[in-house]
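Structure below is input-v6.pdb: PDB, C-alpha atoms, pLDDT in the B column.
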```
ATOM      1  CA  MET A 228      -0.906  -5.715-155.656  1.00 49.00           C
ATOM      2  CA  SER A 229      -4.305  -4.206-154.916  1.00 49.00           C
ATOM      3  CA  PRO A 230      -4.367  -0.412-155.147  1.00 47.00           C
ATOM      4  CA  SER A 231      -6.082  -0.238-151.747  1.00 51.00           C
ATOM      5  CA  PHE A 232      -3.399  -2.331-150.045  1.00 56.00           C
ATOM      6  CA  SER A 233      -2.289  -1.078-146.641  1.00 65.00           C
ATOM      7  CA  PRO A 234       0.826  -2.322-144.814  1.00 70.00           C
ATOM      8  CA  LEU A 235      -1.227  -2.383-141.585  1.00 69.00           C
ATOM      9  CA  SER A 236      -3.264  -5.254-143.017  1.00 76.00           C
ATOM     10  CA  LEU A 237      -0.125  -7.399-142.727  1.00 84.00           C
ATOM     11  CA  LEU A 238      -0.271  -7.341-138.918  1.00 85.00           C
ATOM     12  CA  THR A 239      -2.513 -10.411-138.663  1.00 85.00           C
ATOM     13  CA  PRO A 240      -0.483 -12.676-140.971  1.00 90.00           C
ATOM     14  CA  LEU A 241       2.785 -11.495-139.423  1.00 92.00           C
ATOM     15  CA  LEU A 242       1.468 -12.354-135.967  1.00 90.00           C
ATOM     16  CA  LEU A 243       0.422 -15.796-137.177  1.00 92.00           C
ATOM     17  CA  MET A 244       3.817 -16.402-138.769  1.00 95.00           C
ATOM     18  CA  LEU A 245       5.563 -15.183-135.607  1.00 94.00           C
ATOM     19  CA  LEU A 246       3.533 -17.564-133.431  1.00 94.00           C
ATOM     20  CA  GLY A 247       4.135 -20.341-135.925  1.00 96.00           C
ATOM     21  CA  GLY A 248       7.872 -19.684-135.978  1.00 96.00           C
ATOM     22  CA  GLY A 249       7.998 -19.767-132.188  1.00 95.00           C
ATOM     23  CA  LEU A 250       6.212 -23.119-132.060  1.00 96.00           C
ATOM     24  CA  LEU A 251       8.475 -24.543-134.761  1.00 97.00           C
ATOM     25  CA  ALA A 252      11.504 -23.415-132.753  1.00 96.00           C
ATOM     26  CA  MET A 253      10.121 -25.186-129.676  1.00 94.00           C
ATOM     27  CA  TRP A 254       9.489 -28.314-131.740  1.00 95.00           C
ATOM     28  CA  TRP A 255      13.071 -28.161-133.040  1.00 95.00           C
ATOM     29  CA  ARG A 256      14.230 -28.186-129.422  1.00 90.00           C
ATOM     30  CA  TRP A 257      11.833 -30.946-128.292  1.00 88.00           C
ATOM     31  CA  ARG A 258      11.389 -33.198-131.311  1.00 89.00           C
ATOM     32  CA  SER A 259       9.203 -35.626-129.379  1.00 88.00           C
ATOM     33  CA  ARG A 260       6.483 -32.946-129.183  1.00 92.00           C
ATOM     34  CA  SER A 261       5.452 -33.171-132.811  1.00 95.00           C
ATOM     35  CA  GLU A 262       2.104 -31.527-132.034  1.00 96.00           C
ATOM     36  CA  LEU A 263       4.023 -28.264-131.615  1.00 96.00           C
ATOM     37  CA  GLY A 264       5.592 -28.671-135.042  1.00 97.00           C
ATOM     38  CA  TRP A 265       2.241 -29.344-136.708  1.00 97.00           C
ATOM     39  CA  MET A 266       0.583 -26.367-135.047  1.00 97.00           C
ATOM     40  CA  GLY A 267       3.544 -24.122-135.821  1.00 97.00           C
ATOM     41  CA  SER A 268       3.515 -25.028-139.507  1.00 97.00           C
ATOM     42  CA  SER A 269      -0.262 -24.533-139.534  1.00 96.00           C
ATOM     43  CA  LEU A 270      -0.042 -20.964-138.248  1.00 96.00           C
ATOM     44  CA  ALA A 271       2.899 -20.063-140.482  1.00 96.00           C
ATOM     45  CA  CYS A 272       1.289 -21.448-143.644  1.00 96.00           C
ATOM     46  CA  SER A 273      -2.042 -19.760-142.852  1.00 94.00           C
ATOM     47  CA  GLY A 274      -0.174 -16.476-142.472  1.00 94.00           C
ATOM     48  CA  VAL A 275       1.379 -16.972-145.914  1.00 96.00           C
ATOM     49  CA  GLY A 276      -2.090 -17.604-147.343  1.00 94.00           C
ATOM     50  CA  ILE A 277      -3.368 -14.316-145.942  1.00 92.00           C
ATOM     51  CA  VAL A 278      -0.393 -12.448-147.425  1.00 92.00           C
ATOM     52  CA  LEU A 279      -1.087 -13.958-150.854  1.00 92.00           C
ATOM     53  CA  GLN A 280      -4.703 -12.835-150.623  1.00 88.00           C
ATOM     54  CA  LEU A 281      -3.741  -9.333-149.542  1.00 87.00           C
ATOM     55  CA  LEU A 282      -1.213  -8.942-152.342  1.00 88.00           C
ATOM     56  CA  HIS A 283      -3.630 -10.507-154.827  1.00 85.00           C
ATOM     57  CA  TRP A 284      -0.793 -12.716-156.104  1.00 87.00           C
ATOM     58  CA  PRO A 285      -0.166 -14.753-158.203  1.00 90.00           C
ATOM     59  CA  GLN A 286      -2.181 -13.982-161.312  1.00 87.00           C
ATOM     60  CA  PRO A 287      -4.402 -15.012-163.100  1.00 90.00           C
ATOM     61  CA  LEU A 288      -7.459 -15.513-160.855  1.00 89.00           C
ATOM     62  CA  LEU A 289      -7.380 -19.320-160.801  1.00 92.00           C
ATOM     63  CA  ALA A 290      -3.722 -19.445-159.748  1.00 94.00           C
ATOM     64  CA  TYR A 291      -4.444 -16.807-157.102  1.00 93.00           C
ATOM     65  CA  VAL A 292      -7.402 -18.713-155.638  1.00 94.00           C
ATOM     66  CA  LEU A 293      -5.616 -22.056-155.656  1.00 96.00           C
ATOM     67  CA  SER A 294      -2.471 -20.629-154.040  1.00 96.00           C
ATOM     68  CA  PHE A 295      -4.138 -19.269-150.920  1.00 95.00           C
ATOM     69  CA  SER A 296      -6.608 -22.184-150.833  1.00 96.00           C
ATOM     70  CA  VAL A 297      -3.753 -24.692-150.648  1.00 97.00           C
ATOM     71  CA  CYS A 298      -2.124 -22.650-147.859  1.00 97.00           C
ATOM     72  CA  TYR A 299      -5.341 -22.587-145.840  1.00 96.00           C
ATOM     73  CA  LEU A 300      -6.045 -26.264-146.467  1.00 97.00           C
ATOM     74  CA  TYR A 301      -2.572 -27.241-145.314  1.00 97.00           C
ATOM     75  CA  GLY A 302      -2.928 -24.960-142.288  1.00 96.00           C
ATOM     76  CA  THR A 303      -6.256 -26.518-141.342  1.00 96.00           C
ATOM     77  CA  GLY A 304      -5.034 -30.055-141.939  1.00 97.00           C
ATOM     78  CA  ALA A 305      -1.897 -29.405-139.877  1.00 97.00           C
ATOM     79  CA  ILE A 306      -3.833 -28.060-136.922  1.00 96.00           C
ATOM     80  CA  ALA A 307      -6.130 -31.096-137.108  1.00 97.00           C
ATOM     81  CA  GLN A 308      -3.053 -33.335-137.087  1.00 97.00           C
ATOM     82  CA  SER A 309      -1.702 -31.386-134.125  1.00 97.00           C
ATOM     83  CA  LEU A 310      -4.810 -32.161-132.068  1.00 97.00           C
ATOM     84  CA  ALA A 311      -4.795 -35.761-133.259  1.00 97.00           C
ATOM     85  CA  VAL A 312      -1.184 -36.248-132.157  1.00 97.00           C
ATOM     86  CA  ARG A 313      -1.796 -34.595-128.814  1.00 96.00           C
ATOM     87  CA  LEU A 314      -4.870 -36.698-128.031  1.00 96.00           C
ATOM     88  CA  GLU A 315      -3.403 -39.880-129.555  1.00 96.00           C
ATOM     89  CA  VAL A 316      -5.811 -40.508-132.436  1.00 97.00           C
ATOM     90  CA  ARG A 317      -5.347 -40.733-136.200  1.00 95.00           C
ATOM     91  CA  LEU A 318      -6.863 -38.588-138.920  1.00 95.00           C
ATOM     92  CA  PRO A 319      -9.082 -40.518-141.359  1.00 94.00           C
ATOM     93  CA  LYS A 320      -6.810 -40.136-144.404  1.00 93.00           C
ATOM     94  CA  LYS A 321      -9.370 -41.193-147.013  1.00 96.00           C
ATOM     95  CA  ALA A 322     -11.888 -38.654-145.742  1.00 96.00           C
ATOM     96  CA  LEU A 323      -9.161 -35.989-145.720  1.00 97.00           C
ATOM     97  CA  ALA A 324      -8.179 -36.758-149.329  1.00 97.00           C
ATOM     98  CA  VAL A 325     -11.798 -36.657-150.503  1.00 97.00           C
ATOM     99  CA  LEU A 326     -12.431 -33.357-148.749  1.00 98.00           C
ATOM    100  CA  VAL A 327      -9.312 -31.748-150.233  1.00 97.00           C
ATOM    101  CA  VAL A 328     -10.254 -32.826-153.768  1.00 98.00           C
ATOM    102  CA  VAL A 329     -13.861 -31.632-153.378  1.00 98.00           C
ATOM    103  CA  ILE A 330     -12.850 -28.291-151.834  1.00 98.00           C
ATOM    104  CA  LEU A 331     -10.268 -27.519-154.513  1.00 97.00           C
ATOM    105  CA  GLY A 332     -12.728 -28.621-157.200  1.00 98.00           C
ATOM    106  CA  LEU A 333     -15.345 -26.202-155.897  1.00 97.00           C
ATOM    107  CA  GLN A 334     -12.758 -23.430-155.703  1.00 97.00           C
ATOM    108  CA  ILE A 335     -11.847 -24.020-159.348  1.00 97.00           C
ATOM    109  CA  TRP A 336     -15.498 -24.140-160.434  1.00 97.00           C
ATOM    110  CA  PHE A 337     -16.596 -20.968-158.646  1.00 95.00           C
ATOM    111  CA  SER A 338     -13.518 -18.994-159.650  1.00 94.00           C
ATOM    112  CA  ALA A 339     -12.908 -20.101-163.273  1.00 94.00           C
ATOM    113  CA  VAL A 340     -16.029 -21.828-164.629  1.00 95.00           C
ATOM    114  CA  ASP A 341     -18.866 -20.003-162.848  1.00 95.00           C
ATOM    115  CA  PRO A 342     -17.265 -17.139-160.861  1.00 92.00           C
ATOM    116  CA  ASN A 343     -19.331 -16.473-157.748  1.00 90.00           C
ATOM    117  CA  LEU A 344     -17.606 -15.057-154.673  1.00 89.00           C
ATOM    118  CA  ALA A 345     -20.741 -15.168-152.519  1.00 86.00           C
ATOM    119  CA  VAL A 346     -20.965 -18.948-153.042  1.00 92.00           C
ATOM    120  CA  ARG A 347     -17.249 -19.736-153.054  1.00 93.00           C
ATOM    121  CA  VAL A 348     -16.504 -18.129-149.682  1.00 91.00           C
ATOM    122  CA  PRO A 349     -19.059 -20.010-147.520  1.00 91.00           C
ATOM    123  CA  LEU A 350     -18.430 -23.319-149.302  1.00 95.00           C
ATOM    124  CA  PHE A 351     -14.702 -22.995-148.696  1.00 95.00           C
ATOM    125  CA  THR A 352     -15.256 -22.134-145.029  1.00 93.00           C
ATOM    126  CA  ILE A 353     -17.533 -25.133-144.540  1.00 95.00           C
ATOM    127  CA  GLY A 354     -14.986 -27.338-146.290  1.00 96.00           C
ATOM    128  CA  VAL A 355     -12.010 -26.301-144.183  1.00 96.00           C
ATOM    129  CA  MET A 356     -14.080 -26.621-141.009  1.00 95.00           C
ATOM    130  CA  LEU A 357     -14.932 -30.197-142.007  1.00 97.00           C
ATOM    131  CA  VAL A 358     -11.207 -30.825-142.419  1.00 97.00           C
ATOM    132  CA  MET A 359     -10.572 -29.295-139.003  1.00 97.00           C
ATOM    133  CA  ALA A 360     -13.294 -31.492-137.483  1.00 97.00           C
ATOM    134  CA  LEU A 361     -11.770 -34.766-138.735  1.00 97.00           C
ATOM    135  CA  PRO A 362      -9.986 -35.646-135.444  1.00 97.00           C
ATOM    136  CA  LEU A 363     -13.330 -35.421-133.649  1.00 97.00           C
ATOM    137  CA  TRP A 364     -14.432 -38.527-135.543  1.00 95.00           C
ATOM    138  CA  HIS A 365     -12.451 -40.470-132.909  1.00 96.00           C
ATOM    139  CA  TRP A 366     -14.000 -38.576-129.997  1.00 96.00           C
ATOM    140  CA  ARG A 367     -14.305 -41.606-127.717  1.00 94.00           C
ATOM    141  CA  ARG A 368     -10.761 -42.770-128.405  1.00 96.00           C
ATOM    142  CA  MET A 369      -9.141 -39.466-127.493  1.00 97.00           C
ATOM    143  CA  VAL A 370      -6.725 -39.703-124.580  1.00 95.00           C
ATOM    144  CA  LEU A 371      -7.146 -36.740-122.251  1.00 95.00           C
ATOM    145  CA  HIS A 372      -4.003 -36.701-120.139  1.00 89.00           C
ATOM    146  CA  SER A 373      -5.240 -33.847-117.960  1.00 91.00           C
ATOM    147  CA  ARG A 374      -7.937 -31.212-117.609  1.00 94.00           C
ATOM    148  CA  PHE A 375      -5.801 -29.039-119.889  1.00 95.00           C
ATOM    149  CA  ASP A 376      -6.308 -31.507-122.730  1.00 96.00           C
ATOM    150  CA  TRP A 377     -10.026 -31.339-122.014  1.00 96.00           C
ATOM    151  CA  TRP A 378      -9.898 -27.545-122.328  1.00 95.00           C
ATOM    152  CA  LEU A 379      -7.853 -27.826-125.514  1.00 96.00           C
ATOM    153  CA  ARG A 380     -10.480 -30.062-127.082  1.00 97.00           C
ATOM    154  CA  THR A 381     -13.256 -27.747-125.875  1.00 96.00           C
ATOM    155  CA  PHE A 382     -11.578 -24.678-127.392  1.00 94.00           C
ATOM    156  CA  TYR A 383     -11.042 -26.650-130.590  1.00 96.00           C
ATOM    157  CA  VAL A 384     -14.742 -27.506-130.932  1.00 97.00           C
ATOM    158  CA  ALA A 385     -15.708 -23.936-130.019  1.00 94.00           C
ATOM    159  CA  CYS A 386     -13.428 -22.544-132.747  1.00 93.00           C
ATOM    160  CA  ILE A 387     -15.094 -24.734-135.377  1.00 94.00           C
ATOM    161  CA  ALA A 388     -18.575 -23.701-134.247  1.00 94.00           C
ATOM    162  CA  LEU A 389     -17.700 -20.003-134.056  1.00 90.00           C
ATOM    163  CA  ASN A 390     -16.129 -20.014-137.520  1.00 89.00           C
ATOM    164  CA  LEU A 391     -19.263 -21.523-139.023  1.00 91.00           C
ATOM    165  CA  LEU A 392     -21.562 -19.116-137.161  1.00 91.00           C
ATOM    166  CA  ARG A 393     -19.359 -16.173-138.091  1.00 86.00           C
ATOM    167  CA  THR A 394     -19.514 -17.044-141.778  1.00 85.00           C
ATOM    168  CA  ALA A 395     -23.303 -17.385-141.676  1.00 86.00           C
ATOM    169  CA  ALA A 396     -23.681 -14.065-139.840  1.00 85.00           C
ATOM    170  CA  LEU A 397     -21.288 -12.140-142.082  1.00 79.00           C
ATOM    171  CA  LEU A 398     -22.340 -13.674-145.397  1.00 79.00           C
ATOM    172  CA  PRO A 399     -24.527 -10.673-146.400  1.00 80.00           C
ATOM    173  CA  LEU A 400     -21.356  -8.546-146.349  1.00 71.00           C
ATOM    174  CA  THR A 401     -20.044 -10.427-149.403  1.00 71.00           C
ATOM    175  CA  GLU A 402     -22.819  -9.073-151.629  1.00 72.00           C
ATOM    176  CA  ASN A 403     -21.595  -6.771-154.403  1.00 71.00           C
ATOM    177  CA  VAL A 404     -17.973  -7.337-153.340  1.00 71.00           C
ATOM    178  CA  GLU A 405     -15.488  -8.054-156.130  1.00 73.00           C
ATOM    179  CA  VAL A 406     -12.517 -10.418-155.922  1.00 72.00           C
ATOM    180  CA  GLY A 407      -9.976  -7.592-156.087  1.00 68.00           C
ATOM    181  CA  THR A 408     -11.510  -5.692-153.176  1.00 72.00           C
ATOM    182  CA  PHE A 409     -12.519  -8.701-151.052  1.00 78.00           C
ATOM    183  CA  PRO A 410      -9.332  -8.683-148.891  1.00 74.00           C
ATOM    184  CA  HIS A 411     -10.263  -5.132-147.854  1.00 71.00           C
ATOM    185  CA  SER A 412     -13.970  -5.729-147.177  1.00 77.00           C
ATOM    186  CA  ALA A 413     -15.777  -5.745-143.829  1.00 77.00           C
ATOM    187  CA  PHE A 414     -16.232  -9.524-144.138  1.00 79.00           C
ATOM    188  CA  TRP A 415     -12.489 -10.017-144.504  1.00 79.00           C
ATOM    189  CA  SER A 416     -11.634  -7.814-141.524  1.00 78.00           C
ATOM    190  CA  ALA A 417     -14.143  -9.481-139.202  1.00 79.00           C
ATOM    191  CA  ALA A 418     -13.300 -12.984-140.387  1.00 79.00           C
ATOM    192  CA  HIS A 419      -9.551 -12.658-139.993  1.00 76.00           C
ATOM    193  CA  PHE A 420      -9.735 -10.858-136.672  1.00 80.00           C
ATOM    194  CA  SER A 421     -11.824 -13.706-135.233  1.00 81.00           C
ATOM    195  CA  ALA A 422      -9.502 -16.252-136.863  1.00 81.00           C
ATOM    196  CA  MET A 423      -6.517 -14.590-135.201  1.00 82.00           C
ATOM    197  CA  LEU A 424      -8.225 -14.775-131.797  1.00 85.00           C
ATOM    198  CA  SER A 425      -9.018 -18.444-132.388  1.00 87.00           C
ATOM    199  CA  ALA A 426      -5.398 -19.138-133.332  1.00 87.00           C
ATOM    200  CA  VAL A 427      -4.100 -17.413-130.202  1.00 88.00           C
ATOM    201  CA  ALA A 428      -6.581 -19.331-128.005  1.00 90.00           C
ATOM    202  CA  LEU A 429      -5.670 -22.694-129.534  1.00 92.00           C
ATOM    203  CA  THR A 430      -1.946 -21.954-129.371  1.00 92.00           C
ATOM    204  CA  GLY A 431      -2.188 -20.997-125.718  1.00 93.00           C
ATOM    205  CA  SER A 432      -4.251 -24.087-124.927  1.00 94.00           C
ATOM    206  CA  MET A 433      -1.786 -26.364-126.707  1.00 95.00           C
ATOM    207  CA  LEU A 434       1.220 -24.797-124.958  1.00 94.00           C
ATOM    208  CA  VAL A 435      -0.403 -25.196-121.545  1.00 93.00           C
ATOM    209  CA  ALA A 436      -1.368 -28.813-122.259  1.00 93.00           C
ATOM    210  CA  VAL A 437       2.109 -29.697-123.553  1.00 92.00           C
ATOM    211  CA  GLY A 438       3.804 -27.777-120.725  1.00 90.00           C
ATOM    212  CA  TRP A 439       1.788 -29.653-118.116  1.00 90.00           C
ATOM    213  CA  GLY A 440       2.734 -32.931-119.789  1.00 82.00           C
ATOM    214  CA  VAL A 441       6.439 -32.063-119.643  1.00 78.00           C
ATOM    215  CA  ILE A 442       6.235 -31.036-115.976  1.00 82.00           C
ATOM    216  CA  HIS A 443       4.256 -34.150-115.089  1.00 74.00           C
ATOM    217  CA  THR A 444       6.820 -36.379-116.832  1.00 75.00           C
ATOM    218  CA  LEU A 445       9.686 -34.693-114.982  1.00 72.00           C
ATOM    219  CA  GLN A 446       7.881 -35.123-111.663  1.00 74.00           C
ATOM    220  CA  LYS A 447       7.409 -38.833-112.321  1.00 75.00           C
ATOM    221  CA  GLU A 448      11.095 -39.237-113.216  1.00 71.00           C
TER     222      GLU A 448
END
```

As structure tokens:
Amino acid sequence: MSPSFSPLSLLTPLLLMLLGGGLLAMWWRWRSRSELGWMGSSLACSGVGIVLQLLHWPQPLLAYVLSFSVCYLYGTGAIAQSLAVRLEVRLPKKALAVLVVVILGLQIWFSAVDPNLAVRVPLFTIGVMLVMALPLWHWRRMVLHSRFDWWLRTFYVACIALNLLRTAALLPLTENVEVGTFPHSAFWSAAHFSAMLSAVALTGSMLVAVGWGVIHTLQKE
């Protein structure tokens, strides 16, 4: 555990895991709404990844980097699958597999072979945003059941764009920051606060879209 660790820093991952647990509980009740299950597991796994980074566990460095990277990659892939299920498209599996291999390869290279935090962070962000953008490959095939699905897709695209812009804007803050202190840097705080807002916005949008679908189905019946 990092010597500068503060229990207050666990608020963001705990909120994500709480939201994820709530969505998983809803999916358990309505199994036909698998998009809720995918989004719930995405939030919960992302929260676990943040905890691993905060605790700086496991050791050594390569195991540490790969552990939270896998959590974030699963979280991003699951949220992409959630949108794909909701809008009735399929993720391009070959592209997903290639991206995962390339991203993990770069993480290994810039943490074990040529350690460089300032390069590893933006490359990882770009990689996970590409994973998140995979459902958009089928833009024209997406089925928008209502204006709420349109808003969900709009928020989704906005989250990808804002994450990329945020990383570019905050990149100078990674200079002279070491791996052990990174989870307590200004970059970390700003990045995870904006990520939490994005998660809340997407969760709310998905719940509204799914809720409207349930009400509409009941009205038709």

task: Find the distance between CA of Thr303 in chain A and CA of Asn403 in chain A and write it in Å to one decimal.
output: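 A separation of 28.2 Å between them.
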
message: Using the chain letters and numbers from this file, what does the PyMOL selection byres ((chain A and resi 267) around 7) select? Give the answer as a PyMOL selection string.
response: chain A and resi 246-248+250-251+263-266+268-271

field: Reference answer for the PyMOL selection byres ((chain A and resi 307) around 9), as a count of residues only
entry: 18

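Of the residues listed (A:Arg313, A:Arg393, A:Arg347, A:Lys447), A:Arg313 shows the shortest atom-to-atom separation from Leu371 in chain A; distances use all atoms listed in the file.
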
- prompt: Which polymer residues have any atom within 10 Å of an atom of His283 in chain A, counting all atoms listed in the file, with same-chain residues fewer than 2 positions away left out, as a PyMOL selection string?
  reply: chain A and resi 228-229+232+277-281+285-288+291-292+295+406-410

Store the residues of this selection in a file with C-alpha atoms, as a short mmCIF file (atom, residue, chain, number, x, y, z; two decimals), in the coordinates of the input.
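So again_4.cif came out as:
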```cif
data_model
loop_
_atom_site.label_atom_id
_atom_site.label_comp_id
_atom_site.auth_asym_id
_atom_site.auth_seq_id
_atom_site.Cartn_x
_atom_site.Cartn_y
_atom_site.Cartn_z
CA MET A 228 -0.91 -5.72 -155.66
CA SER A 229 -4.30 -4.21 -154.92
CA PHE A 232 -3.40 -2.33 -150.04
CA ILE A 277 -3.37 -14.32 -145.94
CA VAL A 278 -0.39 -12.45 -147.43
CA LEU A 279 -1.09 -13.96 -150.85
CA GLN A 280 -4.70 -12.84 -150.62
CA LEU A 281 -3.74 -9.33 -149.54
CA PRO A 285 -0.17 -14.75 -158.20
CA GLN A 286 -2.18 -13.98 -161.31
CA PRO A 287 -4.40 -15.01 -163.10
CA LEU A 288 -7.46 -15.51 -160.85
CA TYR A 291 -4.44 -16.81 -157.10
CA VAL A 292 -7.40 -18.71 -155.64
CA PHE A 295 -4.14 -19.27 -150.92
CA VAL A 406 -12.52 -10.42 -155.92
CA GLY A 407 -9.98 -7.59 -156.09
CA THR A 408 -11.51 -5.69 -153.18
CA PHE A 409 -12.52 -8.70 -151.05
CA PRO A 410 -9.33 -8.68 -148.89
#
```

task: Just say which residues the PyMOL selection byres ((chain A and resi 394) around 9) picks in this file, as a list in words.
output: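 For this structure, the PyMOL selection byres ((chain A and resi 394) around 9) resolves to Val348, Pro349, Thr352, Ile353, Leu389, Asn390, Leu391, Leu392, Arg393, Ala395, Ala396, Leu397, Leu398, Phe414 and Ala418 of chain A.
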
message: From the options A:Phe351, A:Trp439, A:Phe420, A:Phe337, which residue's atoms come nearest to Arg374 in chain A, counting only C-alpha atoms?
response: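 Of the candidates, the smallest distance to Arg374 in chain A is held by A:Trp439.
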
- request: Using all atoms listed in the file, find the one residue out of A:Ser296, A:Ser416, A:Ser273, A:Gln446 that sits nearest to Leu243 in chain A.
  value: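 Looking only at the distances to Leu243 in chain A, the closest residue turns out to be A:Ser273.
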
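Taking CA of Trp377 in chain A as the reference point, CA of Ala436 in chain A is found at 9.0 Å.
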
- prompt: Looking at A:Ser373, A:Thr239, A:Ser425, A:Gln334, which one is nearest to Gly438 in chain A, with distances taken over all atoms listed in the file?
  reply: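 Looking at the shortest contact to Gly438 in chain A, the residue is A:Ser373.
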
message: So the first atom is CA of Leu245 in chain A and the second is CA of Leu379 in chain A; what is the distance between them in Å, to one decimal place?
response: 21.0 Å

Let me have the centre and edge lengths of the axis-aligned box enclosing all listed atoms of range 377-383 of chain A with 3 Å padding on every side, in Å to one decimal, as lines of an AutoDock Vina configuration file.
```
center_x = -10.6
center_y = -28.0
center_z = -126.3
size_x = 11.4
size_y = 12.7
size_z = 14.6
```

message: Using only C-alpha atoms, can you tell me which of A:Ser412, A:Ser259, A:Ser294, A:Ser432 comes closest to Thr381 in chain A?
response: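 Of all the options, A:Ser432 lies closest to Thr381 in chain A.
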